[in-house]
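Source file: my_file.pdb (PDB, C-alpha atoms)
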```pdb
ATOM      1  CA  ILE A   1     -32.194   2.254 125.961
ATOM      2  CA  PHE A   2     -35.915   2.133 126.823
ATOM      3  CA  ASP A   3     -38.041   2.381 123.689
ATOM      4  CA  ASP A   4     -40.506   5.285 123.634
ATOM      5  CA  ASN A   5     -39.276   6.251 127.106
ATOM      6  CA  SER A   6     -42.353   4.647 128.595
ATOM      7  CA  ILE A   7     -43.522   1.837 130.783
ATOM      8  CA  GLU A   8     -47.100   0.583 130.565
ATOM      9  CA  VAL A   9     -48.772  -0.544 133.776
ATOM     10  CA  PHE A  10     -52.194  -2.170 133.830
ATOM     11  CA  PRO A  11     -54.775  -2.435 135.155
ATOM     12  CA  ASN A  12     -54.627   0.938 136.829
ATOM     13  CA  PRO A  13     -56.209   1.220 139.308
ATOM     14  CA  PHE A  14     -55.495  -2.369 140.365
ATOM     15  CA  ASN A  15     -56.741  -4.725 143.057
ATOM     16  CA  ASP A  16     -54.242  -7.600 143.277
ATOM     17  CA  GLU A  17     -52.024  -8.223 140.266
ATOM     18  CA  VAL A  18     -50.427  -5.508 138.183
ATOM     19  CA  THR A  19     -48.648  -6.032 134.858
ATOM     20  CA  MET A  20     -45.736  -3.884 133.685
ATOM     21  CA  THR A  21     -44.504  -3.894 130.091
ATOM     22  CA  PHE A  22     -41.627  -2.082 128.413
ATOM     23  CA  LYS A  23     -39.189  -2.406 125.523
ATOM     24  CA  VAL A  24     -35.384  -2.372 125.691
ATOM     25  CA  ASN A  25     -33.418  -1.281 122.605
ATOM     26  CA  ALA A  26     -30.025  -2.607 123.742
ATOM     27  CA  THR A  27     -28.612  -4.878 126.446
ATOM     28  CA  THR A  28     -28.596  -3.099 129.801
ATOM     29  CA  ASP A  29     -28.693  -3.666 133.542
ATOM     30  CA  ALA A  30     -32.203  -2.768 134.650
ATOM     31  CA  ASN A  31     -34.123  -2.425 137.880
ATOM     32  CA  LEU A  32     -37.929  -2.534 138.031
ATOM     33  CA  ALA A  33     -39.392  -1.749 141.449
ATOM     34  CA  VAL A  34     -42.504  -0.464 143.218
ATOM     35  CA  TYR A  35     -42.252   2.341 145.800
ATOM     36  CA  ASP A  36     -44.741   3.926 148.153
ATOM     37  CA  ILE A  37     -45.365   7.677 147.988
ATOM     38  CA  TYR A  38     -42.692   8.260 150.646
ATOM     39  CA  GLY A  39     -39.977   6.680 148.506
ATOM     40  CA  LYS A  40     -39.765   3.398 150.424
ATOM     41  CA  LYS A  41     -39.142   0.421 148.143
ATOM     42  CA  ILE A  42     -42.014  -2.045 148.482
ATOM     43  CA  VAL A  43     -40.861  -4.745 146.070
ATOM     44  CA  THR A  44     -38.150  -5.320 143.481
ATOM     45  CA  VAL A  45     -39.720  -6.980 140.457
ATOM     46  CA  LEU A  46     -36.545  -7.241 138.382
ATOM     47  CA  SER A  47     -32.875  -6.498 138.974
ATOM     48  CA  GLY A  48     -30.198  -7.545 136.517
ATOM     49  CA  PRO A  49     -29.132  -7.680 132.890
ATOM     50  CA  LEU A  50     -31.723  -7.577 130.120
ATOM     51  CA  PRO A  51     -31.127  -8.256 126.426
ATOM     52  CA  GLU A  52     -32.803  -6.232 123.714
ATOM     53  CA  GLY A  53     -36.533  -6.990 123.463
ATOM     54  CA  GLN A  54     -40.051  -6.539 124.807
ATOM     55  CA  PHE A  55     -40.639  -7.522 128.448
ATOM     56  CA  THR A  56     -43.737  -8.087 130.549
ATOM     57  CA  TYR A  57     -43.719  -8.707 134.283
ATOM     58  CA  THR A  58     -46.696  -9.395 136.524
ATOM     59  CA  THR A  59     -46.551  -9.114 140.293
ATOM     60  CA  ASN A  60     -49.135  -9.525 143.027
ATOM     61  CA  LEU A  61     -49.496  -6.425 145.187
ATOM     62  CA  GLY A  62     -52.785  -7.480 146.776
ATOM     63  CA  LYS A  63     -51.433  -7.275 150.331
ATOM     64  CA  LEU A  64     -50.655  -3.566 149.994
ATOM     65  CA  ALA A  65     -52.918  -0.986 151.582
ATOM     66  CA  ASP A  66     -55.112   1.038 149.258
ATOM     67  CA  GLY A  67     -53.241   4.086 148.023
ATOM     68  CA  ILE A  68     -50.831   5.523 145.486
ATOM     69  CA  TYR A  69     -47.593   3.783 144.499
ATOM     70  CA  VAL A  70     -44.898   4.437 141.901
ATOM     71  CA  VAL A  71     -43.414   1.902 139.485
ATOM     72  CA  THR A  72     -39.810   2.835 138.654
ATOM     73  CA  LEU A  73     -37.726   1.449 135.790
ATOM     74  CA  THR A  74     -34.035   2.352 135.867
ATOM     75  CA  SER A  75     -30.927   1.319 133.971
ATOM     76  CA  ASP A  76     -27.253   2.131 134.112
ATOM     77  CA  THR A  77     -27.491   4.299 130.975
ATOM     78  CA  ASN A  78     -31.014   5.742 130.827
ATOM     79  CA  THR A  79     -33.117   8.359 132.566
ATOM     80  CA  PRO A  80     -35.407   6.625 135.081
ATOM     81  CA  LEU A  81     -39.009   6.039 134.033
ATOM     82  CA  PHE A  82     -41.879   6.459 136.503
ATOM     83  CA  GLU A  83     -45.523   5.439 136.404
ATOM     84  CA  LYS A  84     -48.045   6.196 139.160
ATOM     85  CA  ILE A  85     -50.390   3.342 140.072
ATOM     86  CA  VAL A  86     -53.381   3.253 142.384
ATOM     87  CA  LYS A  87     -54.300   0.289 144.615
ATOM     88  CA  GLN A  88     -57.995   0.071 145.440
ATOM     89  CA  LYS A  89     -60.390  -2.699 146.402
TER
END
```

Full structure transcribed into structure tokens:
Amino acid sequence: IFDDNSIEVFPNPFNDEVTMTFKVNATTDANLAVYDIYGKKIVTVLSGPLPEGQFTYTTNLGKLADGIYVVTLTSDTNTPLFEKIVKQK
């Protein structure tokens, strides 16, 4: 369902805003979220149905402490995709 089995996250490392982009090859229910390194969900960026297409989401994570986080993109029919991001001032 996810084209190229990848999610692009930039800038990385980031300070405040981070942008996530990915492509969907067919309609699916998707969930895009950011987790800390302990597996605690920090924020849900997207949760719901997506049509086929290219998607870009930007979220402000400026209030997070400096450290390592994981962006996770899941769907009901695809292997989850993960991308490590680093928050630094």

**Prompt:** Evaluating the PyMOL selection byres ((chain A and resi 45) around 9) on the displayed file yields which residues, as a PyMOL selection string?
**Reply:** chain A and resi 31-34+43-44+46-47+57-59

**Prompt:** the PyMOL selection byres ((chain A and resi 48) around 6) on the file shown: which residues, as JSON, numbers by chain?
**Reply:** {"A": [29, 30, 47, 49]}

**Request:** Can you pull out every residue within 12 Å of Val24 (chain A), counting all atoms listed in the file, but drop anything in the same chain fewer than 2 positions away, and send it as a ChimeraX atom specification?
**Result:** /A:1-7,21-22,26-30,49-56,73-75,77-78

**Residues in the PyMOL selection byres ((chain A and resi 87) around 10), expressed as a list of chain:residue names** = A:Pro11, A:Asn12, A:Pro13, A:Phe14, A:Asn15, A:Asp16, A:Glu17, A:Val18, A:Leu61, A:Gly62, A:Lys63, A:Leu64, A:Ala65, A:Asp66, A:Gly67, A:Ile68, A:Tyr69, A:Ile85, A:Val86, A:Gln88, A:Lys89

**Asked** By how many Å are CA of Val9 (chain A) and CA of Val71 (chain A) apart?
**Response** 8.2 Å

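Distance annotation: of A:Asp76, A:Asp36, A:Glu83, A:Glu8, the residue with the minimal separation from Lys23 (chain A) is A:Glu8; atom set is all atoms listed in the file.
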
Using only the atoms of region 73-89 of chain A listed in the file, plus 4 Å on each side, state the axis-aligned box centre and edge lengths in Å rounded to one decimal, as JSON.
```
{"center_x": -43.8, "center_y": 2.8, "center_z": 138.6, "size_x": 41.1, "size_y": 19.1, "size_z": 23.6}
```

Can you put all heavy atoms back into region 53-64 of chain A and show it as an mmCIF file, keeping the file's coordinate frame?
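Result file is part_2.cif:
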```
data_model
loop_
_atom_site.group_PDB
_atom_site.id
_atom_site.type_symbol
_atom_site.label_atom_id
_atom_site.label_comp_id
_atom_site.auth_asym_id
_atom_site.auth_seq_id
_atom_site.Cartn_x
_atom_site.Cartn_y
_atom_site.Cartn_z
ATOM 1 N N GLY A 53 -35.255 -6.319 123.659
ATOM 2 C CA GLY A 53 -36.533 -6.990 123.463
ATOM 3 C C GLY A 53 -37.665 -6.359 124.236
ATOM 4 O O GLY A 53 -37.488 -5.370 124.943
ATOM 5 N N GLN A 54 -38.833 -6.968 124.111
ATOM 6 C CA GLN A 54 -40.051 -6.539 124.807
ATOM 7 C C GLN A 54 -40.212 -7.405 126.050
ATOM 8 O O GLN A 54 -40.063 -8.628 125.978
ATOM 9 C CB GLN A 54 -41.261 -6.716 123.889
ATOM 10 C CG GLN A 54 -42.583 -6.329 124.496
ATOM 11 C CD GLN A 54 -42.852 -4.842 124.442
ATOM 12 O OE1 GLN A 54 -42.328 -4.154 123.587
ATOM 13 N NE2 GLN A 54 -43.650 -4.352 125.367
ATOM 14 N N PHE A 55 -40.537 -6.790 127.186
ATOM 15 C CA PHE A 55 -40.639 -7.522 128.448
ATOM 16 C C PHE A 55 -41.951 -7.205 129.146
ATOM 17 O O PHE A 55 -42.425 -6.070 129.118
ATOM 18 C CB PHE A 55 -39.471 -7.172 129.371
ATOM 19 C CG PHE A 55 -38.152 -7.570 128.797
ATOM 20 C CD1 PHE A 55 -37.431 -6.673 128.023
ATOM 21 C CD2 PHE A 55 -37.657 -8.847 128.977
ATOM 22 C CE1 PHE A 55 -36.225 -7.044 127.448
ATOM 23 C CE2 PHE A 55 -36.455 -9.226 128.414
ATOM 24 C CZ PHE A 55 -35.742 -8.323 127.648
ATOM 25 N N THR A 56 -42.513 -8.229 129.772
ATOM 26 C CA THR A 56 -43.737 -8.087 130.549
ATOM 27 C C THR A 56 -43.546 -8.822 131.866
ATOM 28 O O THR A 56 -43.140 -9.990 131.881
ATOM 29 C CB THR A 56 -44.941 -8.679 129.790
ATOM 30 O OG1 THR A 56 -45.089 -7.978 128.551
ATOM 31 C CG2 THR A 56 -46.223 -8.542 130.601
ATOM 32 N N TYR A 57 -43.817 -8.124 132.948
ATOM 33 C CA TYR A 57 -43.719 -8.707 134.283
ATOM 34 C C TYR A 57 -45.030 -8.478 135.011
ATOM 35 O O TYR A 57 -45.603 -7.390 134.937
ATOM 36 C CB TYR A 57 -42.573 -8.067 135.079
ATOM 37 C CG TYR A 57 -41.215 -8.420 134.538
ATOM 38 C CD1 TYR A 57 -40.614 -7.637 133.562
ATOM 39 C CD2 TYR A 57 -40.545 -9.543 134.990
ATOM 40 C CE1 TYR A 57 -39.371 -7.969 133.041
ATOM 41 C CE2 TYR A 57 -39.309 -9.884 134.477
ATOM 42 C CZ TYR A 57 -38.730 -9.092 133.507
ATOM 43 O OH TYR A 57 -37.503 -9.429 132.984
ATOM 44 N N THR A 58 -45.481 -9.502 135.718
ATOM 45 C CA THR A 58 -46.696 -9.395 136.524
ATOM 46 C C THR A 58 -46.333 -9.703 137.965
ATOM 47 O O THR A 58 -45.600 -10.658 138.241
ATOM 48 C CB THR A 58 -47.774 -10.376 136.025
ATOM 49 O OG1 THR A 58 -48.074 -10.055 134.664
ATOM 50 C CG2 THR A 58 -49.034 -10.281 136.856
ATOM 51 N N THR A 59 -46.820 -8.884 138.879
ATOM 52 C CA THR A 59 -46.551 -9.114 140.293
ATOM 53 C C THR A 59 -47.830 -8.906 141.085
ATOM 54 O O THR A 59 -48.703 -8.129 140.686
ATOM 55 C CB THR A 59 -45.418 -8.194 140.809
ATOM 56 O OG1 THR A 59 -45.022 -8.615 142.106
ATOM 57 C CG2 THR A 59 -45.830 -6.742 140.828
ATOM 58 N N ASN A 60 -47.950 -9.626 142.183
ATOM 59 C CA ASN A 60 -49.135 -9.525 143.027
ATOM 60 C C ASN A 60 -48.855 -8.530 144.147
ATOM 61 O O ASN A 60 -47.967 -8.735 144.960
ATOM 62 C CB ASN A 60 -49.504 -10.888 143.604
ATOM 63 C CG ASN A 60 -50.856 -10.861 144.262
ATOM 64 O OD1 ASN A 60 -51.195 -9.945 145.003
ATOM 65 N ND2 ASN A 60 -51.656 -11.869 143.994
ATOM 66 N N LEU A 61 -49.626 -7.458 144.162
ATOM 67 C CA LEU A 61 -49.496 -6.425 145.187
ATOM 68 C C LEU A 61 -50.764 -6.355 146.040
ATOM 69 O O LEU A 61 -51.051 -5.338 146.658
ATOM 70 C CB LEU A 61 -49.226 -5.065 144.530
ATOM 71 C CG LEU A 61 -47.965 -4.994 143.661
ATOM 72 C CD1 LEU A 61 -47.877 -3.633 142.975
ATOM 73 C CD2 LEU A 61 -46.725 -5.256 144.483
ATOM 74 N N GLY A 62 -51.502 -7.441 146.076
ATOM 75 C CA GLY A 62 -52.785 -7.480 146.776
ATOM 76 C C GLY A 62 -52.706 -7.214 148.264
ATOM 77 O O GLY A 62 -53.683 -6.783 148.871
ATOM 78 N N LYS A 63 -51.555 -7.473 148.886
ATOM 79 C CA LYS A 63 -51.433 -7.275 150.331
ATOM 80 C C LYS A 63 -51.150 -5.824 150.710
ATOM 81 O O LYS A 63 -51.150 -5.479 151.883
ATOM 82 C CB LYS A 63 -50.341 -8.187 150.891
ATOM 83 C CG LYS A 63 -50.718 -9.646 150.823
ATOM 84 C CD LYS A 63 -49.717 -10.522 151.513
ATOM 85 C CE LYS A 63 -50.184 -11.971 151.449
ATOM 86 N NZ LYS A 63 -49.288 -12.868 152.166
ATOM 87 N N LEU A 64 -50.908 -4.979 149.705
ATOM 88 C CA LEU A 64 -50.655 -3.566 149.994
ATOM 89 C C LEU A 64 -51.935 -2.860 150.412
ATOM 90 O O LEU A 64 -53.031 -3.227 149.993
ATOM 91 C CB LEU A 64 -50.090 -2.858 148.759
ATOM 92 C CG LEU A 64 -48.730 -3.318 148.258
ATOM 93 C CD1 LEU A 64 -48.345 -2.526 147.023
ATOM 94 C CD2 LEU A 64 -47.679 -3.171 149.342
#
```
